[in-house]
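> Contents are mmCIF, C-alpha atoms and all ligand atoms; file name upload34.cif:
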```cif
data_final
loop_
_atom_site.label_atom_id
_atom_site.label_comp_id
_atom_site.auth_asym_id
_atom_site.auth_seq_id
_atom_site.Cartn_x
_atom_site.Cartn_y
_atom_site.Cartn_z
CA MET R 1 29.57 15.06 151.81
CA ARG R 2 31.80 14.84 154.83
CA GLY R 3 31.07 12.84 157.97
CA THR R 4 27.73 11.17 158.46
CA ASP R 5 25.23 13.96 158.73
CA THR R 6 27.13 17.04 157.65
CA VAL R 7 26.69 18.27 154.13
CA GLU R 8 29.43 20.60 153.09
CA ILE R 9 28.34 23.10 150.51
CA VAL R 10 31.26 24.66 148.74
CA LEU R 11 30.49 27.87 146.93
CA PRO R 12 32.84 30.18 145.11
CA VAL R 13 31.60 33.01 147.28
CA THR R 14 34.76 34.73 148.37
CA ARG R 15 38.27 33.66 147.66
CA PRO R 16 41.10 34.30 150.12
CA ASP R 17 43.55 34.86 147.28
CA LEU R 18 41.50 37.62 145.70
CA LEU R 19 41.74 41.30 146.49
CA TYR R 20 38.22 42.63 145.99
CA CYS R 21 37.92 46.21 144.79
CA GLN R 22 34.86 48.27 144.05
CA GLN R 23 34.86 51.76 142.59
CA ARG R 24 32.19 54.08 141.28
CA VAL R 25 33.32 55.86 138.12
CA ARG R 26 31.93 58.78 136.17
CA SER R 27 32.10 57.01 132.85
CA LEU R 28 32.74 53.54 131.51
CA THR R 29 34.39 54.92 128.39
CA PRO R 30 37.58 52.81 128.09
CA ALA R 31 39.94 55.76 127.62
CA THR R 32 38.77 57.27 130.93
CA LEU R 33 39.41 54.12 132.96
CA ARG R 34 42.89 54.03 134.39
CA CYS R 35 43.01 50.26 134.66
CA ILE R 36 42.15 49.90 130.96
CA VAL R 37 44.61 52.57 129.85
CA ASP R 38 47.36 50.98 131.95
CA LEU R 39 46.49 47.52 130.73
CA ARG R 40 46.94 48.72 127.17
CA GLY R 41 50.34 50.08 128.20
CA GLU R 42 51.20 46.75 129.75
CA LEU R 43 50.25 44.94 126.53
CA LEU R 44 52.38 47.30 124.47
CA ARG R 45 55.29 46.82 126.77
CA TYR R 46 55.07 43.18 127.74
CA GLY R 47 53.09 41.65 124.89
CA PRO R 48 52.45 37.97 125.60
CA ARG R 49 54.04 38.31 129.05
CA THR R 50 51.19 40.56 130.19
CA THR R 51 49.22 39.30 133.17
CA ARG R 52 46.16 37.43 131.93
CA THR R 53 43.08 39.56 132.49
CA LEU R 54 39.35 39.12 131.99
CA ILE R 55 37.21 42.19 131.35
CA PHE R 56 33.50 41.57 131.83
CA VAL R 57 31.29 44.12 130.13
CA GLN R 58 27.60 44.88 130.60
CA SER R 59 26.80 44.87 126.91
CA ILE R 60 28.16 43.75 123.57
CA GLN R 61 28.38 47.39 122.55
CA LEU R 62 30.61 48.31 125.46
CA GLY R 63 32.68 45.19 124.76
CA ALA R 64 33.21 46.38 121.20
CA GLU R 65 34.31 49.81 122.47
CA VAL R 66 36.84 48.28 124.86
CA TYR R 67 38.12 45.97 122.13
CA GLN R 68 38.44 48.89 119.72
CA TYR R 69 40.41 50.82 122.32
CA PHE R 70 42.98 48.02 122.53
CA TRP R 71 42.89 47.41 118.79
CA PHE R 72 43.62 51.05 117.91
CA GLY R 73 46.25 51.35 120.63
CA LEU R 74 48.12 48.16 119.87
CA GLY R 75 48.06 48.28 116.09
CA LYS R 76 50.31 45.58 114.67
CA GLN R 77 51.29 44.56 118.17
CA LEU R 78 47.84 43.08 118.66
CA LEU R 79 49.05 39.97 116.86
CA VAL R 80 52.04 38.05 118.17
CA ASP R 81 52.41 36.44 114.76
CA PRO R 82 51.57 38.94 111.99
CA GLY R 83 48.70 37.78 109.85
CA GLN R 84 47.61 35.09 112.30
CA ARG R 85 44.35 36.18 113.89
CA SER R 86 44.60 33.31 116.32
CA THR R 87 47.68 34.90 117.90
CA ALA R 88 45.90 38.06 119.07
CA LEU R 89 46.75 39.24 122.57
CA VAL R 90 43.18 40.48 122.99
CA GLN R 91 39.93 38.75 122.06
CA LEU R 92 36.28 39.73 122.30
CA TYR R 93 33.76 37.05 123.36
CA HIS R 94 29.97 37.35 123.36
CA LYS R 95 27.00 35.34 122.22
CA ASP R 96 27.24 36.65 118.66
CA SER R 97 30.99 36.11 118.28
CA GLU R 98 31.98 33.79 115.45
CA ASP R 99 32.00 30.16 116.52
CA GLU R 100 35.63 29.94 115.48
CA VAL R 101 36.56 32.80 117.81
CA LYS R 102 34.56 31.35 120.68
CA ALA R 103 36.24 27.97 120.28
CA LEU R 104 39.67 29.59 120.10
CA VAL R 105 39.11 31.67 123.25
CA ARG R 106 37.80 28.69 125.20
CA ASP R 107 40.71 26.57 124.04
CA LEU R 108 43.39 29.15 124.90
CA LEU R 109 41.83 29.98 128.28
CA ASP R 110 41.90 26.29 129.15
CA LYS R 111 45.66 26.29 128.63
CA ASP R 112 48.32 27.82 130.83
CA ALA R 113 49.23 31.41 130.09
CA ASP R 114 52.74 30.45 129.03
CA ASP R 115 54.93 31.63 126.15
CA SER R 116 53.16 29.46 123.60
CA ASN R 117 49.79 30.96 124.47
CA PRO R 118 49.25 34.50 123.16
CA LEU R 119 45.88 35.21 124.79
CA ARG R 120 46.27 37.79 127.54
CA VAL R 121 43.08 39.83 127.63
CA VAL R 122 39.56 38.57 127.03
CA ILE R 123 36.74 41.09 126.87
CA ALA R 124 33.53 39.22 127.46
CA THR R 125 29.88 39.44 128.32
CA SER R 126 28.40 37.07 130.85
CA ALA R 127 28.37 34.48 128.04
CA LEU R 128 31.84 33.56 129.26
CA ALA R 129 31.00 33.49 132.96
CA TYR R 130 29.80 29.93 133.14
CA GLY R 131 30.96 26.58 131.86
CA VAL R 132 34.39 27.59 130.58
CA ASN R 133 37.62 26.39 132.16
CA MET R 134 40.19 29.10 132.72
CA LYS R 135 43.79 28.97 133.75
CA GLY R 136 46.20 31.66 134.77
CA VAL R 137 43.68 34.50 135.11
CA SER R 138 45.06 36.96 137.65
CA ARG R 139 42.69 39.85 137.23
CA VAL R 140 39.03 40.31 136.56
CA ILE R 141 37.76 43.78 135.72
CA PHE R 142 34.04 44.52 135.58
CA CYS R 143 33.21 47.39 133.23
CA GLY R 144 29.79 47.96 134.71
CA SER R 145 28.19 45.84 137.37
CA PRO R 146 26.98 42.31 136.71
CA PHE R 147 23.22 41.88 136.92
CA THR R 148 23.22 39.83 140.12
CA ILE R 149 25.46 39.24 143.13
CA ALA R 150 25.67 35.58 142.12
CA ASP R 151 27.05 36.68 138.73
CA LEU R 152 29.59 38.89 140.50
CA ALA R 153 30.80 36.06 142.74
CA GLN R 154 30.95 33.61 139.85
CA MET R 155 32.75 35.96 137.47
CA ALA R 156 35.20 37.27 140.08
CA GLY R 157 36.01 33.67 140.98
CA ARG R 158 37.45 33.14 137.51
CA ALA R 159 40.61 34.79 138.78
CA GLY R 160 43.08 33.13 141.07
CA ARG R 161 42.60 29.47 140.29
CA ASN R 162 45.78 27.44 140.34
CA LEU R 163 47.81 30.50 141.18
CA SER R 164 49.99 31.19 144.14
CA THR R 165 49.91 34.95 143.77
CA VAL R 166 47.41 37.48 145.04
CA CYS R 167 44.90 38.27 142.34
CA MET R 168 42.36 40.99 141.91
CA ALA R 169 38.70 41.48 141.11
CA LEU R 170 37.86 45.10 140.31
CA LEU R 171 34.26 46.22 140.01
CA LEU R 172 33.76 49.53 138.18
CA TYR R 173 30.23 50.88 137.94
CA GLN R 174 28.30 54.05 137.38
CA GLY R 175 25.76 55.56 139.73
CA HIS R 176 23.74 52.84 141.39
CA GLY R 177 24.34 50.32 138.64
CA GLY R 178 21.65 51.61 136.30
CA ARG R 179 18.96 49.43 134.84
CA TYR R 180 21.31 46.55 134.43
CA VAL R 181 21.41 45.32 137.98
CA ASP R 182 18.77 43.68 140.15
CA GLU R 183 17.60 45.09 143.46
CA ALA R 184 20.04 43.08 145.58
CA MET R 185 22.97 44.12 143.41
CA ARG R 186 21.92 47.75 143.68
CA GLY R 187 21.95 47.41 147.46
CA PHE R 188 25.36 45.77 147.24
CA LEU R 189 26.77 48.67 145.22
CA ASP R 190 25.33 51.28 147.58
CA ASP R 191 26.58 49.51 150.72
CA PRO R 192 30.03 50.88 151.68
CA GLY R 193 30.78 47.85 153.84
CA CYS R 194 33.33 45.06 153.45
CA ILE R 195 32.93 43.42 150.05
CA ARG R 196 33.63 39.92 151.40
CA GLN R 197 31.10 40.36 154.16
CA LYS R 198 28.50 41.56 151.69
CA LEU R 199 29.09 38.48 149.54
CA ARG R 200 28.95 36.17 152.54
CA ALA R 201 25.81 37.80 153.86
CA TYR R 202 24.08 37.35 150.53
CA PHE R 203 24.98 33.69 150.10
CA ASP R 204 24.94 32.56 153.70
CA GLY R 205 21.40 33.65 154.35
CA GLY R 206 21.50 32.08 157.80
CA ASN R 207 22.52 28.66 156.49
CA SER R 208 25.75 26.98 157.33
CA VAL R 209 27.88 27.40 154.28
CA THR R 210 31.57 26.73 153.95
CA MET R 211 33.06 29.48 151.91
CA TYR R 212 35.25 28.38 149.09
CA GLY R 213 38.86 28.16 150.15
CA GLU R 214 38.35 29.93 153.43
CA THR R 215 38.88 26.81 155.49
CA THR R 216 41.68 25.43 153.41
CA SER R 217 45.27 26.20 154.19
CA GLY R 218 48.22 26.69 151.94
CA ARG R 219 46.53 29.14 149.62
CA ALA R 220 47.86 32.61 149.09
CA GLN R 221 46.13 35.10 151.35
CA ALA R 222 45.32 38.55 150.07
CA ALA R 223 47.44 41.14 151.83
CA GLU R 224 44.34 43.28 152.16
CA CYS R 225 40.72 42.23 152.37
CA CYS R 226 39.08 44.67 150.00
CA SER R 227 38.90 48.30 148.92
CA SER R 228 36.18 49.00 151.48
CA CYS R 229 38.33 47.81 154.40
CA THR R 230 41.49 49.35 152.97
CA PRO R 231 40.58 52.18 150.58
CA SER R 232 44.25 52.90 149.91
CA VAL R 233 44.53 49.72 147.82
CA LEU R 234 42.86 51.63 144.99
CA THR R 235 45.70 54.11 144.87
CA ASP R 236 48.35 51.57 145.88
CA GLN R 237 47.36 49.43 142.92
CA ASN R 238 47.06 52.52 140.72
CA ILE R 239 43.55 51.75 139.70
CA SER R 240 41.86 54.80 141.11
CA ASN R 241 40.49 57.29 138.62
CA ASP R 242 40.37 59.97 141.26
CA ASP R 243 43.89 61.31 141.29
CA ASP R 244 46.64 62.27 138.91
CA SER R 245 49.34 59.93 140.10
CA HIS R 246 50.85 57.69 137.48
CA GLY R 247 51.67 54.06 137.49
CA ASN R 248 50.87 50.67 136.12
CA PHE R 249 47.66 49.00 136.94
CA GLY R 250 48.62 45.90 138.84
CA SER R 251 52.17 46.98 139.45
CA SER R 252 52.39 44.32 142.13
CA PHE R 253 51.76 41.64 139.55
CA GLY R 254 55.12 41.75 137.87
CA SER R 255 55.31 44.99 135.95
CA ASP R 256 58.00 47.43 136.92
CA SER R 257 58.28 51.15 136.36
CA ASP R 258 56.01 52.75 133.81
CA ASP R 259 58.38 55.10 132.09
CA ASP R 260 58.86 54.81 128.35
CA LEU R 261 55.44 53.33 127.89
CA PRO R 262 54.58 53.84 124.23
CA VAL R 263 51.11 54.99 125.13
CA ASP R 264 49.59 58.21 123.90
CA ASP R 265 49.28 60.79 126.62
CA ASP R 266 45.98 61.61 125.06
CA PRO R 267 44.44 58.26 124.22
CA LEU R 268 42.24 58.06 121.17
CA PRO R 269 38.89 59.59 121.88
CA LEU R 270 36.20 57.04 121.31
CA THR R 271 32.61 57.85 120.88
CA SER R 272 30.73 56.34 123.71
CA GLU R 273 27.06 55.86 124.14
CA THR R 274 26.01 56.39 127.70
CA GLU R 275 24.77 53.56 129.80
CA SER R 276 21.25 54.60 128.95
CA GLU R 277 21.90 53.18 125.52
CA PHE R 278 22.67 49.74 126.84
CA ILE R 279 20.01 47.26 126.19
CA HIS R 280 19.54 44.70 128.85
CA GLU R 281 19.01 41.98 126.29
CA ASP R 282 22.71 42.26 125.61
CA PHE R 283 23.41 40.98 129.07
CA GLU R 284 23.39 37.31 128.45
CA ASP R 285 22.43 34.50 130.76
ZN ZN A 1 36.88 43.78 153.46
#
```
Starting from the file, give its structure as structure tokens.

Amino acid sequence: MRGTDTVEIVLPVTRPDLLYCQQRVRSLTPATLRCIVDLRGELLRYGPRTTRTLIFVQSIQLGAEVYQYFWFGLGKQLLVDPGQRSTALVQLYHKDSEDEVKALVRDLLDKDADDSNPLRVVIATSALAYGVNMKGVSRVIFCGSPFTIADLAQMAGRAGRNLSTVCMALLLYQGHGGRYVDEAMRGFLDDPGCIRQKLRAYFDGGNSVTMYGETTSGRAQAAECCSSCTPSVLTDQNISNDDDSHGNFGSSFGSDSDDDLPVDDDPLPLTSETESEFIHEDFED
């Protein structure tokens, strides 16, 4: 509450330090997604210095596929300390994960992403979207659309906290979102307009709402608004699946050239069920 009769509602609707990107893809198979392939290369190359990234998946099954992709690709390099499962660079988090793993992920995410903290990539269902403190997350990738726009805003907002750098939220989805999105989210995906404006329009609803961070100063401002306003950010950031250019996903986040990456040119083919196999019950919360 501020002043006598003004109620300030602060919502994590859009964040000035986040570059919002949205891209329709032909498949959510991990090996076909440039950002996932490049992230694996970044892990191989930089290990525990990789930019901390959250990957939200539509289903536990897809989460397992993404995890497997990293697991096969990284081999022994998955663990910073051989034999110590708790030192894995990548973890998978969903409602059926072992309690021990859930506690570990929550604990490590609540700590700075410094040298003593191995956790760099968390693949998670919406089980991780709410009620977990996170530090040092610079990127959020959605493998498939969240069910609602509120979920999207909440999950995307996990990136960028306590950071002075420009961070990214990347929404990858098939078709019109499939059966796993509600009507409003489907409209959101089909609307080619500015992603921030779409988020504001959904949450504002004619009420006076102060957008999170948008009235505060001193925060990092995204160089570009979103991939709808500036489509070239998809290729600039090397996250587009539509061309053959090469580069690191998130090259502006500290990685340098991508030569000598010990990544297979032909990543392991993984069997992938189509989105029609997803069961909505997997989408938690
Ligand atoms: Zn925009």
> Counting only C-alpha atoms and all ligand atoms, what residues are within 10 Å of ligand ZN 1 (chain A), given as an mmCIF file with C-alpha atoms, in the coordinates of the input?

```cif
data_model
loop_
_atom_site.group_PDB
_atom_site.id
_atom_site.type_symbol
_atom_site.label_atom_id
_atom_site.label_comp_id
_atom_site.auth_asym_id
_atom_site.auth_seq_id
_atom_site.Cartn_x
_atom_site.Cartn_y
_atom_site.Cartn_z
ATOM 1 C CA LEU R 19 41.740 41.300 146.490
ATOM 2 C CA TYR R 20 38.220 42.630 145.990
ATOM 3 C CA CYS R 21 37.920 46.210 144.790
ATOM 4 C CA GLY R 193 30.780 47.850 153.840
ATOM 5 C CA CYS R 194 33.330 45.060 153.450
ATOM 6 C CA ILE R 195 32.930 43.420 150.050
ATOM 7 C CA ARG R 196 33.630 39.920 151.400
ATOM 8 C CA GLN R 197 31.100 40.360 154.160
ATOM 9 C CA LYS R 198 28.500 41.560 151.690
ATOM 10 C CA GLU R 224 44.340 43.280 152.160
ATOM 11 C CA CYS R 225 40.720 42.230 152.370
ATOM 12 C CA CYS R 226 39.080 44.670 150.000
ATOM 13 C CA SER R 227 38.900 48.300 148.920
ATOM 14 C CA SER R 228 36.180 49.000 151.480
ATOM 15 C CA CYS R 229 38.330 47.810 154.400
ATOM 16 C CA THR R 230 41.490 49.350 152.970
ATOM 17 C CA PRO R 231 40.580 52.180 150.580
#
```
> Rank R:Gln22, R:Arg40, R:Asp151, R:Gln68 by their smallest atom-to-atom distance to Ser232 of chain R, using all atoms listed in the file, and report the top residue only.
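With all atoms listed in the file as the atom set, the closest residue is R:Gln22.
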> Could you check the closest approach to Val140 of chain R for each of R:Ala153, R:Cys35, R:Ala113, R:Leu170 and tell me which residue wins, using all atoms listed in the file?
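The answer is R:Leu170, which sits nearest to Val140 of chain R.
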> So which one's closest to Asp81 of chain R, R:Thr32, R:Ser116, R:Gln61, R:Gln154? Using only C-alpha atoms, please.
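Looking only at the distances to Asp81 of chain R, the closest residue turns out to be R:Ser116.
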> Please, what distance in Å, to one decimal, runs between atom CA of Asp110 of chain R and atom CA of Arg34 of chain R?
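If I compute the distance from atom CA of Asp110 of chain R to atom CA of Arg34 of chain R, I get 28.2 Å.
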> Which value, in Å to one decimal, gives the distance between atom CA of Pro118 of chain R and atom CA of Tyr46 of chain R?
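These two atoms are separated by 11.4 Å.
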> List the residues sitting within 9 Å of (17.6, 39.1, 140.8) in the file's frame, using all atoms listed in the file, as a ChimeraX atom specification.
/R:147-150,181-185
> Find the distance between atom CA of Arg24 of chain R and atom CA of Gly144 of chain R and write it in Å to one decimal.
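Here the two named atoms are 9.3 Å from each other.
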> I'd like the neighbourhood of Thr53 of chain R as a VMD selection string, where a residue qualifies if any of its atoms comes within 7 Å (using only C-alpha atoms), though same-chain residues fewer than 5 positions away should be ignored.
chain R and resid 120 to 122 137 to 140
> Write a file of the selected residues as a short mmCIF file (atom, residue, chain, number, x, y, z; two decimals), in the frame of the given file, keeping C-alpha atoms.

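File result_20.cif, as written:
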```cif
data_model
loop_
_atom_site.label_atom_id
_atom_site.label_comp_id
_atom_site.auth_asym_id
_atom_site.auth_seq_id
_atom_site.Cartn_x
_atom_site.Cartn_y
_atom_site.Cartn_z
CA ARG R 120 46.27 37.79 127.54
CA VAL R 121 43.08 39.83 127.63
CA VAL R 122 39.56 38.57 127.03
CA VAL R 137 43.68 34.50 135.11
CA SER R 138 45.06 36.96 137.65
CA ARG R 139 42.69 39.85 137.23
CA VAL R 140 39.03 40.31 136.56
#
```
> Would you pick out the contacts of segment 87-91 of chain R at 8 Å or less, using all atoms listed in the file, so that residues sharing its chain but fewer than 4 positions from it are not included, and give the list as an NGL selection string?
:R and (43 or 47-48 or 67 or 70 or 78-81 or 105 or 117-123)
